[in-house]
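Novice: Next comes the structure file my_file11.cif, holding mmCIF, C-alpha atoms and all ligand atoms.
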data_coords
loop_
_atom_site.label_atom_id
_atom_site.label_comp_id
_atom_site.auth_asym_id
_atom_site.auth_seq_id
_atom_site.Cartn_x
_atom_site.Cartn_y
_atom_site.Cartn_z
CA MET A 1 -3.28 -37.76 -15.34
CA TYR A 2 -1.03 -35.61 -17.57
CA ARG A 3 2.08 -33.97 -16.13
CA ILE A 4 2.89 -30.44 -17.29
CA LEU A 5 6.33 -29.01 -16.56
CA THR A 6 6.40 -25.19 -16.40
CA LEU A 7 9.78 -23.55 -17.02
CA ASN A 8 8.71 -19.91 -16.59
CA ASN A 9 6.02 -18.20 -14.57
CA ILE A 10 2.86 -18.84 -16.54
CA SER A 11 -0.22 -16.69 -15.95
CA ILE A 12 -2.65 -18.31 -13.55
CA LYS A 13 -5.48 -17.77 -16.06
CA GLY A 14 -3.66 -20.14 -18.42
CA LEU A 15 -2.93 -22.73 -15.74
CA GLU A 16 -6.61 -22.70 -14.79
CA ARG A 17 -7.37 -24.10 -18.26
CA LEU A 18 -5.68 -27.32 -17.15
CA PRO A 19 -8.00 -28.78 -14.48
CA ARG A 20 -6.18 -30.36 -11.53
CA ASP A 21 -8.16 -33.58 -11.73
CA GLU A 22 -6.58 -34.25 -15.12
CA TYR A 23 -3.32 -32.24 -15.09
CA GLU A 24 -0.51 -32.14 -12.57
CA ILE A 25 1.50 -28.91 -12.97
CA ALA A 26 4.95 -28.31 -11.46
CA SER A 27 8.25 -26.59 -12.17
CA GLU A 28 10.11 -29.89 -11.62
CA PHE A 29 9.18 -33.30 -13.02
CA SER A 30 11.37 -36.16 -14.14
CA SER A 31 8.97 -37.43 -16.79
CA PRO A 32 6.53 -34.75 -17.93
CA ASP A 33 4.08 -35.24 -20.79
CA ALA A 34 4.39 -31.63 -21.89
CA ILE A 35 6.36 -28.45 -21.23
CA LEU A 36 4.85 -24.98 -20.92
CA LEU A 37 7.31 -22.08 -21.11
CA ARG A 38 8.00 -18.50 -22.21
CA SER A 39 11.58 -17.45 -23.06
CA HIS A 40 13.37 -20.17 -21.06
CA LYS A 41 16.23 -21.46 -23.24
CA LEU A 42 15.62 -25.15 -23.76
CA SER A 43 18.19 -27.58 -25.13
CA ASN A 44 17.45 -30.97 -26.68
CA ASP A 45 19.07 -32.67 -23.67
CA ASP A 46 16.67 -30.86 -21.32
CA ILE A 47 13.68 -32.52 -22.97
CA ALA A 48 12.82 -35.85 -21.34
CA SER A 49 11.84 -38.78 -23.55
CA SER A 50 8.34 -38.67 -22.03
CA VAL A 51 7.61 -35.21 -23.55
CA LYS A 52 4.99 -35.22 -26.28
CA ALA A 53 4.45 -31.50 -26.75
CA ILE A 54 5.88 -28.08 -25.89
CA GLY A 55 3.70 -24.98 -25.56
CA ARG A 56 5.37 -21.58 -25.95
CA ALA A 57 3.23 -18.91 -24.25
CA GLY A 58 4.40 -16.27 -26.70
CA ALA A 59 5.37 -15.80 -30.34
CA GLY A 60 9.09 -16.55 -30.82
CA THR A 61 10.21 -20.20 -30.63
CA ASN A 62 13.94 -19.60 -31.12
CA ASN A 63 14.50 -20.68 -27.48
CA ILE A 64 13.27 -24.19 -28.35
CA PRO A 65 15.24 -26.75 -30.45
CA VAL A 66 12.34 -27.08 -32.90
CA GLY A 67 14.24 -29.12 -35.52
CA GLU A 68 15.29 -31.73 -32.96
CA CYS A 69 11.76 -31.81 -31.53
CA THR A 70 10.42 -32.57 -35.02
CA GLN A 71 12.84 -35.48 -35.41
CA ARG A 72 11.71 -36.79 -32.03
CA GLY A 73 8.00 -36.39 -32.89
CA ILE A 74 7.40 -33.65 -30.31
CA ALA A 75 4.83 -31.06 -31.38
CA VAL A 76 5.81 -27.45 -30.62
CA PHE A 77 3.08 -24.83 -30.30
CA ASN A 78 3.21 -21.05 -29.98
CA SER A 79 0.58 -18.35 -29.35
CA PRO A 80 0.40 -16.30 -32.55
CA GLY A 81 -0.97 -12.80 -32.12
CA ALA A 82 -1.74 -13.25 -28.40
CA ASN A 83 0.80 -10.62 -27.32
CA ALA A 84 0.73 -8.47 -30.48
CA ASN A 85 -1.22 -5.61 -28.94
CA ALA A 86 1.25 -5.32 -26.05
CA VAL A 87 4.16 -5.06 -28.49
CA LYS A 88 2.26 -2.57 -30.65
CA GLU A 89 1.65 -0.26 -27.68
CA LEU A 90 5.31 -0.41 -26.63
CA VAL A 91 6.51 0.30 -30.18
CA ILE A 92 4.22 3.33 -30.40
CA SER A 93 5.74 4.53 -27.10
CA ALA A 94 9.20 3.89 -28.53
CA LEU A 95 8.38 5.94 -31.62
CA THR A 96 7.46 8.92 -29.46
CA LEU A 97 10.53 8.37 -27.25
CA GLY A 98 12.59 8.37 -30.43
CA SER A 99 11.09 11.60 -31.74
CA ARG A 100 10.66 13.84 -28.68
CA GLY A 101 13.01 14.93 -25.90
CA ILE A 102 11.02 12.92 -23.36
CA LEU A 103 13.76 10.88 -21.67
CA PRO A 104 16.46 13.62 -21.56
CA GLY A 105 13.76 16.10 -20.47
CA ILE A 106 12.68 13.88 -17.59
CA ALA A 107 16.31 13.20 -16.64
CA TYR A 108 16.97 16.97 -16.60
CA VAL A 109 13.97 17.69 -14.35
CA ASP A 110 15.22 14.98 -11.98
CA THR A 111 18.47 16.95 -11.54
CA LEU A 112 16.51 19.82 -9.96
CA ALA A 113 15.47 17.85 -6.88
CA ASP A 114 17.30 20.28 -4.57
CA MET A 115 15.47 23.41 -5.79
CA THR A 116 12.93 24.77 -3.32
CA ASP A 117 11.77 27.96 -5.11
CA GLY A 118 8.84 27.02 -7.42
CA ALA A 119 8.90 30.29 -9.36
CA ALA A 120 12.63 30.00 -9.98
CA MET A 121 12.15 26.41 -11.13
CA SER A 122 9.44 27.40 -13.65
CA LYS A 123 11.64 30.18 -15.00
CA LEU A 124 14.59 27.83 -15.38
CA LEU A 125 12.50 25.15 -17.12
CA GLU A 126 11.05 27.65 -19.60
CA LYS A 127 14.58 28.76 -20.42
CA GLU A 128 16.00 25.24 -20.75
CA LYS A 129 13.14 23.50 -22.56
CA LYS A 130 14.50 24.39 -26.00
CA ARG A 131 17.20 21.77 -25.39
CA PHE A 132 14.51 19.08 -25.45
CA LYS A 133 12.72 20.02 -28.65
CA GLY A 134 11.67 17.09 -30.80
CA ARG A 135 9.92 16.32 -34.03
CA GLU A 136 6.48 14.94 -34.85
CA LEU A 137 5.64 11.53 -36.22
CA ALA A 138 2.83 12.78 -38.47
CA GLY A 139 4.03 13.04 -42.05
CA LYS A 140 7.07 10.82 -41.47
CA THR A 141 7.52 7.41 -43.07
CA LEU A 142 7.51 4.26 -40.98
CA GLY A 143 9.07 1.15 -42.55
CA ILE A 144 7.86 -2.13 -41.08
CA VAL A 145 9.89 -5.27 -41.70
CA GLY A 146 7.58 -8.24 -41.08
CA LEU A 147 3.88 -7.63 -41.60
CA GLY A 148 2.46 -10.41 -39.42
CA ALA A 149 0.39 -10.07 -36.24
CA ILE A 150 2.49 -7.29 -34.71
CA GLY A 151 3.55 -5.54 -37.91
CA SER A 152 -0.02 -5.16 -39.18
CA MET A 153 -1.25 -3.75 -35.84
CA ILE A 154 1.60 -1.23 -35.82
CA ALA A 155 0.81 -0.28 -39.41
CA ARG A 156 -2.77 0.59 -38.44
CA ALA A 157 -1.71 2.58 -35.36
CA ALA A 158 0.97 4.49 -37.29
CA LEU A 159 -1.52 5.41 -40.02
CA ASP A 160 -3.82 6.74 -37.28
CA LEU A 161 -0.90 8.91 -36.09
CA GLY A 162 -0.67 10.40 -39.58
CA MET A 163 2.44 8.51 -40.67
CA ASP A 164 3.01 7.06 -44.13
CA VAL A 165 3.60 3.33 -43.80
CA ILE A 166 5.69 1.11 -46.04
CA GLY A 167 6.33 -2.59 -45.41
CA TYR A 168 8.45 -5.53 -46.46
CA ASP A 169 7.52 -9.17 -45.95
CA PRO A 170 8.61 -11.79 -48.49
CA ALA A 171 6.59 -14.55 -46.80
CA LEU A 172 3.32 -12.74 -46.03
CA SER A 173 0.49 -15.22 -45.43
CA VAL A 174 -2.92 -14.73 -47.04
CA ASP A 175 -4.49 -14.12 -43.59
CA ALA A 176 -1.86 -11.50 -42.74
CA ALA A 177 -2.40 -9.79 -46.09
CA TRP A 178 -6.12 -9.52 -45.31
CA ARG A 179 -5.32 -7.86 -41.97
CA LEU A 180 -3.04 -5.27 -43.53
CA PRO A 181 -4.50 -1.80 -44.17
CA SER A 182 -4.64 -1.17 -47.93
CA SER A 183 -2.73 2.10 -47.62
CA VAL A 184 0.42 0.27 -46.52
CA GLN A 185 2.78 0.32 -49.49
CA ARG A 186 4.64 -2.96 -49.91
CA MET A 187 8.31 -2.79 -50.89
CA ASP A 188 9.93 -5.35 -53.18
CA ASN A 189 13.10 -5.50 -51.15
CA ILE A 190 14.34 -4.55 -47.71
CA GLY A 191 16.98 -2.14 -49.10
CA SER A 192 14.27 0.06 -50.64
CA LEU A 193 12.46 0.13 -47.31
CA PHE A 194 15.62 1.21 -45.47
CA ALA A 195 16.24 3.90 -48.11
CA ARG A 196 12.77 5.45 -47.73
CA ALA A 197 11.91 5.22 -44.04
CA ASP A 198 12.44 7.80 -41.30
CA TYR A 199 11.67 5.10 -38.71
CA ILE A 200 12.29 1.38 -39.29
CA THR A 201 10.75 -1.22 -37.01
CA LEU A 202 11.51 -4.97 -37.10
CA HIS A 203 8.75 -7.57 -36.55
CA LEU A 204 10.02 -10.80 -38.06
CA PRO A 205 11.17 -14.07 -36.49
CA VAL A 206 14.81 -15.00 -36.05
CA LEU A 207 15.56 -17.77 -38.56
CA ASP A 208 18.74 -18.83 -40.34
CA ALA A 209 17.67 -16.47 -43.13
CA THR A 210 17.10 -13.47 -40.83
CA ARG A 211 20.04 -13.80 -38.40
CA GLY A 212 22.23 -10.70 -38.90
CA LEU A 213 19.83 -9.39 -41.56
CA VAL A 214 20.33 -5.79 -40.46
CA ASN A 215 24.03 -5.49 -41.20
CA GLU A 216 26.53 -2.87 -42.35
CA SER A 217 25.56 -2.99 -46.01
CA LEU A 218 21.83 -2.68 -45.30
CA LEU A 219 22.35 0.17 -42.84
CA LYS A 220 24.28 2.09 -45.52
CA ASN A 221 20.91 2.50 -47.32
CA CYS A 222 19.40 4.48 -44.42
CA LYS A 223 18.14 8.02 -44.80
CA PRO A 224 20.17 10.47 -42.73
CA ASP A 225 18.52 10.80 -39.32
CA ALA A 226 16.80 7.42 -39.46
CA CYS A 227 15.74 5.72 -36.24
CA LEU A 228 15.86 1.91 -36.00
CA LEU A 229 13.65 -0.06 -33.60
CA ASN A 230 14.20 -3.72 -32.76
CA PHE A 231 11.43 -5.35 -30.77
CA ALA A 232 11.81 -8.65 -32.65
CA ARG A 233 15.02 -10.46 -31.60
CA GLU A 234 18.60 -9.46 -30.82
CA GLU A 235 20.09 -11.86 -33.39
CA ILE A 236 18.38 -10.13 -36.34
CA VAL A 237 20.58 -7.06 -35.90
CA ASP A 238 24.36 -6.94 -36.13
CA THR A 239 25.06 -4.84 -33.04
CA ASP A 240 28.58 -3.82 -34.14
CA ALA A 241 27.17 -2.52 -37.42
CA VAL A 242 24.52 -0.53 -35.55
CA VAL A 243 27.13 1.01 -33.24
CA GLN A 244 29.22 1.93 -36.27
CA ALA A 245 26.17 3.45 -38.04
CA LEU A 246 25.40 5.50 -34.93
CA ASP A 247 29.03 6.63 -34.61
CA GLU A 248 29.12 7.64 -38.28
CA GLY A 249 25.80 9.50 -38.03
CA ILE A 250 24.14 7.10 -40.50
CA LEU A 251 21.56 6.27 -37.83
CA ARG A 252 20.21 8.94 -35.47
CA GLN A 253 18.89 6.51 -32.90
CA PHE A 254 18.51 2.83 -32.02
CA ILE A 255 15.73 1.65 -29.73
CA THR A 256 15.65 -1.99 -28.73
CA ASP A 257 14.05 -4.48 -26.37
CA PHE A 258 17.32 -6.49 -26.42
CA PRO A 259 20.17 -4.64 -24.67
CA SER A 260 23.78 -5.74 -24.95
CA PRO A 261 26.90 -4.33 -23.25
CA ALA A 262 28.08 -2.42 -26.35
CA LEU A 263 24.86 -0.41 -26.34
CA ILE A 264 24.70 0.65 -22.70
CA GLY A 265 25.36 4.28 -21.74
CA ARG A 266 24.87 5.87 -25.17
CA ASP A 267 22.67 8.96 -25.64
CA ASP A 268 21.57 7.72 -29.05
CA VAL A 269 20.30 4.36 -27.79
CA ILE A 270 17.20 3.53 -25.74
CA LEU A 271 17.24 0.10 -24.13
CA MET A 272 14.35 -1.86 -22.64
CA PRO A 273 14.62 -5.20 -20.78
CA HIS A 274 12.61 -7.43 -23.17
CA ILE A 275 9.25 -6.13 -21.94
CA GLY A 276 7.40 -6.19 -25.27
CA ALA A 277 4.95 -8.85 -24.08
CA SER A 278 5.09 -8.03 -20.37
CA THR A 279 1.52 -6.91 -19.70
CA ASP A 280 -1.15 -8.68 -17.65
CA GLU A 281 -3.28 -9.00 -20.75
CA ALA A 282 -0.60 -10.41 -23.05
CA GLU A 283 0.64 -12.87 -20.44
CA GLU A 284 -2.90 -14.10 -19.89
CA ASN A 285 -3.74 -14.31 -23.60
CA CYS A 286 -0.56 -16.25 -24.37
CA ALA A 287 -0.93 -18.60 -21.40
CA VAL A 288 -4.58 -19.34 -22.18
CA MET A 289 -3.85 -19.99 -25.85
CA ALA A 290 -0.83 -22.19 -25.11
CA ALA A 291 -2.66 -24.16 -22.39
CA ASP A 292 -5.77 -24.69 -24.56
CA GLN A 293 -3.63 -25.96 -27.44
CA LEU A 294 -1.69 -28.34 -25.18
CA ARG A 295 -4.89 -29.65 -23.60
CA ASP A 296 -6.53 -30.33 -26.97
CA PHE A 297 -3.36 -32.09 -28.13
CA LEU A 298 -3.00 -34.25 -25.02
CA ARG A 299 -6.70 -35.09 -24.77
CA ASN A 300 -7.63 -35.39 -28.44
CA GLY A 301 -4.42 -35.31 -30.47
CA ASN A 302 -5.68 -32.17 -32.26
CA ILE A 303 -3.10 -29.64 -33.42
CA ARG A 304 -3.62 -25.88 -33.62
CA ASN A 305 -0.83 -23.34 -34.06
CA SER A 306 2.05 -25.74 -34.18
CA VAL A 307 5.32 -24.46 -35.62
CA ASN A 308 6.54 -27.91 -36.69
CA PHE A 309 3.51 -30.21 -37.04
CA PRO A 310 0.67 -29.93 -39.57
CA ASN A 311 -2.40 -28.22 -38.14
CA LEU A 312 -5.15 -30.79 -37.93
CA GLN A 313 -8.37 -31.25 -35.95
CA LEU A 314 -10.84 -34.11 -36.03
CA GLU A 315 -14.08 -34.43 -34.07
CA ARG A 316 -13.90 -37.44 -31.74
CA SER A 317 -15.75 -40.56 -32.81
CA GLY A 318 -15.34 -44.27 -32.14
CA GLU A 319 -14.00 -46.00 -29.03
CA VAL A 320 -10.39 -45.03 -29.07
CA ARG A 321 -8.11 -42.69 -31.04
CA LEU A 322 -4.62 -43.35 -32.33
CA ALA A 323 -2.33 -40.34 -32.85
CA ILE A 324 0.64 -41.45 -34.93
CA THR A 325 3.64 -39.43 -36.08
CA ASN A 326 5.79 -40.85 -38.86
CA ARG A 327 8.45 -39.81 -41.33
CA ASN A 328 6.88 -38.30 -44.42
CA VAL A 329 7.68 -41.20 -46.78
CA PRO A 330 5.37 -43.41 -48.88
CA LYS A 331 3.62 -46.60 -47.70
CA ILE A 332 3.75 -46.05 -43.91
CA LEU A 333 0.05 -45.20 -43.66
CA ASN A 334 -0.76 -48.25 -45.81
CA SER A 335 1.23 -50.46 -43.44
CA ILE A 336 -0.56 -49.01 -40.40
CA LEU A 337 -3.97 -49.52 -42.00
CA GLY A 338 -2.92 -53.05 -42.98
CA ILE A 339 -2.12 -53.93 -39.35
CA LEU A 340 -5.51 -52.58 -38.23
CA ALA A 341 -7.31 -54.44 -41.04
CA ASP A 342 -5.54 -57.73 -40.20
CA ALA A 343 -6.70 -57.31 -36.59
CA GLU A 344 -10.25 -56.68 -37.90
CA ILE A 345 -10.42 -53.29 -36.22
CA ASN A 346 -12.88 -50.93 -37.85
CA ILE A 347 -11.73 -47.38 -38.68
CA VAL A 348 -14.53 -44.94 -37.87
CA ASP A 349 -12.80 -41.79 -39.08
CA MET A 350 -9.29 -40.64 -39.88
CA LEU A 351 -7.24 -37.67 -40.99
CA ASN A 352 -3.66 -37.55 -42.25
CA LYS A 353 -1.54 -34.51 -43.01
CA SER A 354 2.12 -33.90 -43.61
CA ARG A 355 4.49 -31.00 -43.05
CA GLU A 356 8.00 -31.14 -44.47
CA ASP A 357 9.73 -34.23 -43.01
CA ILE A 358 6.87 -35.62 -40.93
CA ALA A 359 3.29 -36.81 -41.26
CA TYR A 360 0.68 -36.95 -38.53
CA ASN A 361 -2.39 -39.17 -38.41
CA LEU A 362 -5.49 -39.26 -36.25
CA ILE A 363 -7.30 -42.58 -36.56
CA ASP A 364 -10.57 -43.19 -34.67
CA LEU A 365 -11.24 -46.88 -34.09
CA GLY A 366 -14.48 -48.74 -33.48
CA SER A 367 -12.92 -50.89 -30.74
CA ASP A 368 -10.02 -50.90 -28.30
CA VAL A 369 -6.54 -52.03 -29.37
CA SER A 370 -4.12 -54.40 -27.68
CA ASP A 371 -0.64 -53.40 -26.49
CA GLU A 372 0.79 -55.92 -28.98
CA LEU A 373 -0.88 -54.16 -31.89
CA ILE A 374 0.49 -50.78 -30.75
CA THR A 375 3.98 -52.31 -30.48
CA GLN A 376 3.55 -53.68 -34.01
CA ILE A 377 2.68 -50.21 -35.37
CA GLN A 378 5.42 -48.57 -33.31
CA SER A 379 8.03 -50.90 -34.76
CA LEU A 380 7.17 -50.11 -38.40
CA GLU A 381 10.10 -48.45 -40.14
CA GLY A 382 9.50 -44.67 -40.19
CA VAL A 383 6.96 -44.55 -37.35
CA ILE A 384 8.22 -42.02 -34.77
CA ASN A 385 5.57 -42.36 -32.08
CA VAL A 386 2.13 -43.76 -31.40
CA ARG A 387 -0.30 -42.52 -28.78
CA VAL A 388 -3.49 -44.25 -27.75
CA ILE A 389 -6.03 -41.69 -26.56
CA ALA A 390 -9.02 -43.14 -24.72
N1 LIG B 401 9.80 -7.93 -27.76
C1 LIG B 401 8.93 -8.88 -27.43
O1 LIG B 401 8.65 -9.12 -26.28
C2 LIG B 401 8.27 -9.68 -28.51
C3 LIG B 401 6.93 -10.07 -28.36
C4 LIG B 401 6.32 -10.82 -29.36
C5 LIG B 401 7.04 -11.20 -30.49
N2 LIG B 401 8.36 -10.82 -30.59
C6 LIG B 401 9.12 -11.19 -31.78
O2 LIG B 401 8.47 -10.64 -32.91
C7 LIG B 401 8.40 -11.62 -33.93
C8 LIG B 401 7.16 -11.36 -34.79
O3 LIG B 401 6.00 -11.62 -34.02
P1 LIG B 401 4.55 -11.72 -34.71
O4 LIG B 401 3.61 -12.11 -33.63
O5 LIG B 401 4.27 -10.52 -35.53
O6 LIG B 401 4.80 -12.97 -35.67
P2 LIG B 401 4.07 -13.32 -37.05
O7 LIG B 401 4.46 -14.71 -37.36
O8 LIG B 401 2.62 -13.00 -36.98
O9 LIG B 401 4.74 -12.32 -38.10
C9 LIG B 401 6.07 -12.43 -38.53
C10 LIG B 401 6.12 -11.99 -39.97
O10 LIG B 401 7.49 -11.92 -40.37
C11 LIG B 401 7.53 -12.29 -41.74
N3 LIG B 401 8.86 -12.62 -42.18
C12 LIG B 401 9.51 -13.82 -42.17
N4 LIG B 401 10.73 -13.69 -42.72
C13 LIG B 401 10.87 -12.38 -43.09
C14 LIG B 401 11.91 -11.64 -43.70
N5 LIG B 401 13.06 -12.21 -44.06
N6 LIG B 401 11.70 -10.33 -43.91
C15 LIG B 401 10.53 -9.73 -43.56
N7 LIG B 401 9.50 -10.39 -42.98
C16 LIG B 401 9.67 -11.70 -42.74
C17 LIG B 401 6.55 -13.46 -41.82
O11 LIG B 401 6.13 -13.69 -43.17
C18 LIG B 401 5.41 -12.95 -40.94
O12 LIG B 401 4.42 -12.27 -41.69
C19 LIG B 401 8.39 -12.96 -33.19
O13 LIG B 401 8.90 -14.00 -33.99
C20 LIG B 401 9.24 -12.69 -31.98
O14 LIG B 401 10.58 -13.03 -32.25
C21 LIG B 401 8.98 -10.08 -29.64
O1 LIG B 402 8.37 -13.95 -28.62
C1 LIG B 402 7.68 -13.47 -27.73
O2 LIG B 402 6.48 -13.74 -27.57
C2 LIG B 402 8.28 -12.41 -26.86
O3 LIG B 402 9.63 -12.26 -27.04
C3 LIG B 402 7.86 -12.48 -25.44
O4 LIG B 402 8.71 -13.26 -24.65
P1 LIG B 402 8.35 -13.48 -23.10
O5 LIG B 402 7.15 -14.39 -23.08
O6 LIG B 402 9.55 -14.10 -22.49
O7 LIG B 402 8.03 -12.13 -22.54
#
Can you present the structure in this file as structure tokens?
Specialist:
Amino acid sequence: MYRILTLNNISIKGLERLPRDEYEIASEFSSPDAILLRSHKLSNDDIASSVKAIGRAGAGTNNIPVGECTQRGIAVFNSPGANANAVKELVISALTLGSRGILPGIAYVDTLADMTDGAAMSKLLEKEKKRFKGRELAGKTLGIVGLGAIGSMIARAALDLGMDVIGYDPALSVDAAWRLPSSVQRMDNIGSLFARADYITLHLPVLDATRGLVNESLLKNCKPDACLLNFAREEIVDTDAVVQALDEGILRQFITDFPSPALIGRDDVILMPHIGASTDEAEENCAVMAADQLRDFLRNGNIRNSVNFPNLQLERSGEVRLAITNRNVPKILNSILGILADAEINIVDMLNKSREDIAYNLIDLGSDVSDELITQIQSLEGVINVRVIA
């Protein structure tokens, strides 16, 4: 029986992928095998020594101490693309909110609640509506920073709205490049994107290299009247610099899914309570993907969509499988194979892959192994953990 600790509400559709005869699921456990969460902020001390894997039902993993997990041999998974459509739809709504007098218009109509004369109300609205005139998106330029799952979907939708789309992504994967419409013009640097776009939308992860990326000097490149959207992460944008750019008229508007006190109560800011992925569909997609990945890892040692372990899958064969994580240094695999050979245990199949500091091995054996042999492998210098999967 595997124990799964949930630290946020996880969609029932995802939890159903973990059958109760094999998985115990609860929001409190002293020694869980795995953790399933959304945006819950997890510290290294919160992670019990029994934890083998963490599944993030969502895209961003900045709430998880990934580096420390890697050192401890804990695989961290996310759900790439599973909530991208939800974010795309919200960003398209935000673009229209940022171009038309929708919110002030609605707020104005709400002030007329005491009027009882319909004809007088119509007359008043026709007179006042000029205050809520907007502009159209068609023909404007949208700059997308980060052309991954969300960025590429937004690019396609914006092109359908008649916008010109430019993008910047210095780390674009081959798969993401295939998904990108060919009419998206790629910029060589982020400054050029800021200088050309009427609307700029951020869809990149928060990393050491992207924290505070949108700062005073970058914002100085903006076209007059530009509108900035942040549905990625709060830390990517220097809020003080944005407030200053708004005050100085460098930016016309800021729309974000990450409110902070300095932004509340301004007419030129639209704030949403981190609802980019809050749809039934996205929550289900993320939970199902995260649960399936955890299950395949716990049951078979296979790894799909890990952010810190190499991706690796091997069909099951043999009697028993060893899943071994070790430091990525020479000779460890040789030593492991030597121990198995000395014990005359036949290797039926095996796969070994590395990623940065660690290596991960799946070794299918023709016969069962003793506890002593596992202890022998576990005590090899550089071996982080060993799992025996029946
Ligand atoms: N508001 C929300 O609820 C919500 C929902 C989902 C995701 N997000 C955030 O959006 C981010 C992107 O999600 P995704 O699913 O598109 O991820 P993704 O991994 O598919 O795409 C991210 C892209 O950003 C690119 N990138 C990395 N560094 C960059 C840089 N310095 N400049 C420009 N691009 C860079 C990567 O190469 C990649 O193509 C997530 O990391 C998460 O923080 C927010
Ligand atoms: O990175 C993500 O996937 C989003 O920020 C969604 O976070 P949530 O699962 O807490 O809504």
Novice: In Å to one decimal, how far is atom CA of Arg387 of chain A from atom CA of Leu298 of chain A?
Specialist: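 We find that atom CA of Leu298 of chain A and atom CA of Arg387 of chain A lie 9.5 Å from each other.
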Novice: For atom CA of Asn230 of chain A and atom CA of Ile102 of chain A, determine how far apart the two atoms are, in Å to one decimal place.
Specialist: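 If I compute the distance from atom CA of Asn230 of chain A to atom CA of Ile102 of chain A, I get 19.4 Å.
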Novice: So which residues touch segment 29-44 of chain A within 7 Å, counting only C-alpha atoms, skipping near sequence neighbours fewer than 5 positions away, as an MDAnalysis selection string?
Specialist: chainID A and resid 2:8 50:58 63:65 68
Novice: Residues at most 10 Å from ligand LIG 402 (chain B), using only C-alpha atoms and all ligand atoms? Could they come as number ranges by chain?
Specialist: A: 8-10, 37-41, 56-63, 78-84, 86-87, 205-206, 231-233, 257-258, 273-279, 282-283, 286-287
Novice: I need the residue nearest ligand LIG 401 (chain B) from this list: A:Met115, A:Ala390, A:Ile106, A:Leu193. Use only C-alpha atoms and all ligand atoms for the distance.
Specialist: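 Under the stated criterion, the closest residue is A:Leu193.
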Novice: Restricting the calculation to only C-alpha atoms, which member of A:Ala323, A:Leu228, A:Gly73, A:Asp117 is positioned closest to Leu142 of chain A?
Specialist: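 The answer is A:Leu228, which sits nearest to Leu142 of chain A.
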Novice: Using only C-alpha atoms and all ligand atoms, find the one residue out of A:Ile363, A:Ile264, A:Ala245, A:Ala171 that sits nearest to ligand LIG 401 (chain B).
Specialist: A:Ala171
Novice: Identify, on the basis of only C-alpha atoms, every residue whose closest approach to segment 335-344 of chain A does not exceed 12 Å; exclude the query and any residue fewer than 6 positions from it along the same chain; express the result as a tab-separated table (two decimals) with C-alpha atoms, in the coordinates of the input.
Specialist:
chain	number	residue	atom	x	y	z
A	322	LEU	CA	-4.62	-43.35	-32.33
A	323	ALA	CA	-2.33	-40.34	-32.85
A	324	ILE	CA	0.64	-41.45	-34.93
A	325	THR	CA	3.64	-39.43	-36.08
A	326	ASN	CA	5.79	-40.85	-38.86
A	329	VAL	CA	7.68	-41.20	-46.78
A	350	MET	CA	-9.29	-40.64	-39.88
A	352	ASN	CA	-3.66	-37.55	-42.25
A	361	ASN	CA	-2.39	-39.17	-38.41
A	362	LEU	CA	-5.49	-39.26	-36.25
A	363	ILE	CA	-7.30	-42.58	-36.56
A	364	ASP	CA	-10.57	-43.19	-34.67
A	365	LEU	CA	-11.24	-46.88	-34.09
A	366	GLY	CA	-14.48	-48.74	-33.48
A	367	SER	CA	-12.92	-50.89	-30.74
A	368	ASP	CA	-10.02	-50.90	-28.30
A	369	VAL	CA	-6.54	-52.03	-29.37
A	370	SER	CA	-4.12	-54.40	-27.68
A	372	GLU	CA	0.79	-55.92	-28.98
A	373	LEU	CA	-0.88	-54.16	-31.89
A	374	ILE	CA	0.49	-50.78	-30.75
A	375	THR	CA	3.98	-52.31	-30.48
A	376	GLN	CA	3.55	-53.68	-34.01
A	377	ILE	CA	2.68	-50.21	-35.37
A	378	GLN	CA	5.42	-48.57	-33.31
A	379	SER	CA	8.03	-50.90	-34.76
A	380	LEU	CA	7.17	-50.11	-38.40
A	381	GLU	CA	10.10	-48.45	-40.14
A	382	GLY	CA	9.50	-44.67	-40.19
A	383	VAL	CA	6.96	-44.55	-37.35
A	386	VAL	CA	2.13	-43.76	-31.40
Novice: Could you rebuild segment 15-21 of chain A with N, CA and C atoms and give me the result as a JSON list (two decimals), keeping the file's coordinate frame?
Specialist:
[["chain", "number", "residue", "atom", "x", "y", "z"],
["A", 15, "LEU", "N", -3.03, -21.47, -16.50],
["A", 15, "LEU", "CA", -2.93, -22.73, -15.74],
["A", 15, "LEU", "C", -4.31, -23.24, -15.35],
["A", 16, "GLU", "N", -5.24, -22.29, -15.14],
["A", 16, "GLU", "CA", -6.61, -22.70, -14.79],
["A", 16, "GLU", "C", -7.31, -23.46, -15.92],
["A", 17, "ARG", "N", -6.76, -23.36, -17.14],
["A", 17, "ARG", "CA", -7.37, -24.10, -18.26],
["A", 17, "ARG", "C", -7.00, -25.58, -18.21],
["A", 18, "LEU", "N", -6.12, -25.92, -17.27],
["A", 18, "LEU", "CA", -5.68, -27.32, -17.15],
["A", 18, "LEU", "C", -6.17, -27.85, -15.80],
["A", 19, "PRO", "N", -7.39, -28.39, -15.76],
["A", 19, "PRO", "CA", -8.00, -28.78, -14.48],
["A", 19, "PRO", "C", -7.14, -29.78, -13.70],
["A", 20, "ARG", "N", -7.07, -29.56, -12.39],
["A", 20, "ARG", "CA", -6.18, -30.36, -11.53],
["A", 20, "ARG", "C", -6.58, -31.83, -11.43],
["A", 21, "ASP", "N", -7.81, -32.16, -11.77],
["A", 21, "ASP", "CA", -8.16, -33.58, -11.73],
["A", 21, "ASP", "C", -7.60, -34.33, -12.93]]
